[in-house]
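Student: Here it is, the structure, as structure tokens.
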Amino acid sequence: MNKVILMGRLTRDPEVRYSQAAEPLAIARYTIAVDRRGRRDSNSDQTADFIPCVAFGRLGEFAEKYLKQGTKIALTGRIQTGSYTNKDGNKVYTTEVIVEEQEFAESKANSENSGFQASRPAPADASAEGFMSIPDGIENDLPFK
């Protein structure tokens with residue numbers, strides 16, 4: 001089984017091209033930065049992996065219209081490897097994710113207000129600890145005790 005699930009932010013705006021077929025097909029290429037989980041390696045400052053992705057057809061059109069640098073997305077797809085010989089005669093190996101599904105992973109307002117951080121603003125009546133106060137006299141109306 002070849003299945004990939006990723007969540008990360010676009011490192012730059014997608015590059016979109018259209019095929020030369022009778023019915024042009026959108027081909028969007030973009031890279032997402034995916035944070036590494038776990039303990040940071042003391043020998044490396046890199047805390048994210050940069051994963052190249054390709055979206056075809058409607059997914060490519062969606063990327064062209066709605067995705068931009070810094071957008072946080074979740075996607076599923078499959079890994080595809082390949083190789084080619086460059087103009088210097090060297091063999092180059094490629095690995096990319098072919099996107100099968102993609103969706104926003106945060107609201108537009110949240111991404112614009114947070115400077116690419118996924119933090120939510122606290123409600124106006126939130127206490128200093130981050131919890132909302134419960135009004136007096138509603139203890140019997142709560143679904144839990």
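For the structure tokens, the naming scheme is as follows: chains receive sequential letters (A, B, ...) according to their order of presentation, residues are indexed from 1 within each chain, and ligands are indexed from 1 in presentation order.
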Please provide as a PyMOL selection string all residues within 9 Å of segment 44-57 of chain A, with the sequence filter that same-chain residues fewer than 2 positions apart are discarded (counting only C-alpha atoms).
Tutor: chain A and resi 11+24-37+40-42+59-63+77+95-102
Student: Where does DSSP see helix (DSSP H, G or I) in segment 2-99 of chain A, if you list the residues as a count of residues only?
Tutor: 9
Student: I'd like the interatomic distance between atom CA of Glu15 of chain A and atom CA of Tyr66 of chain A, to a tenth of an Å.
Tutor: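 Between atom CA of Glu15 of chain A and atom CA of Tyr66 of chain A the gap is 12.5 Å.
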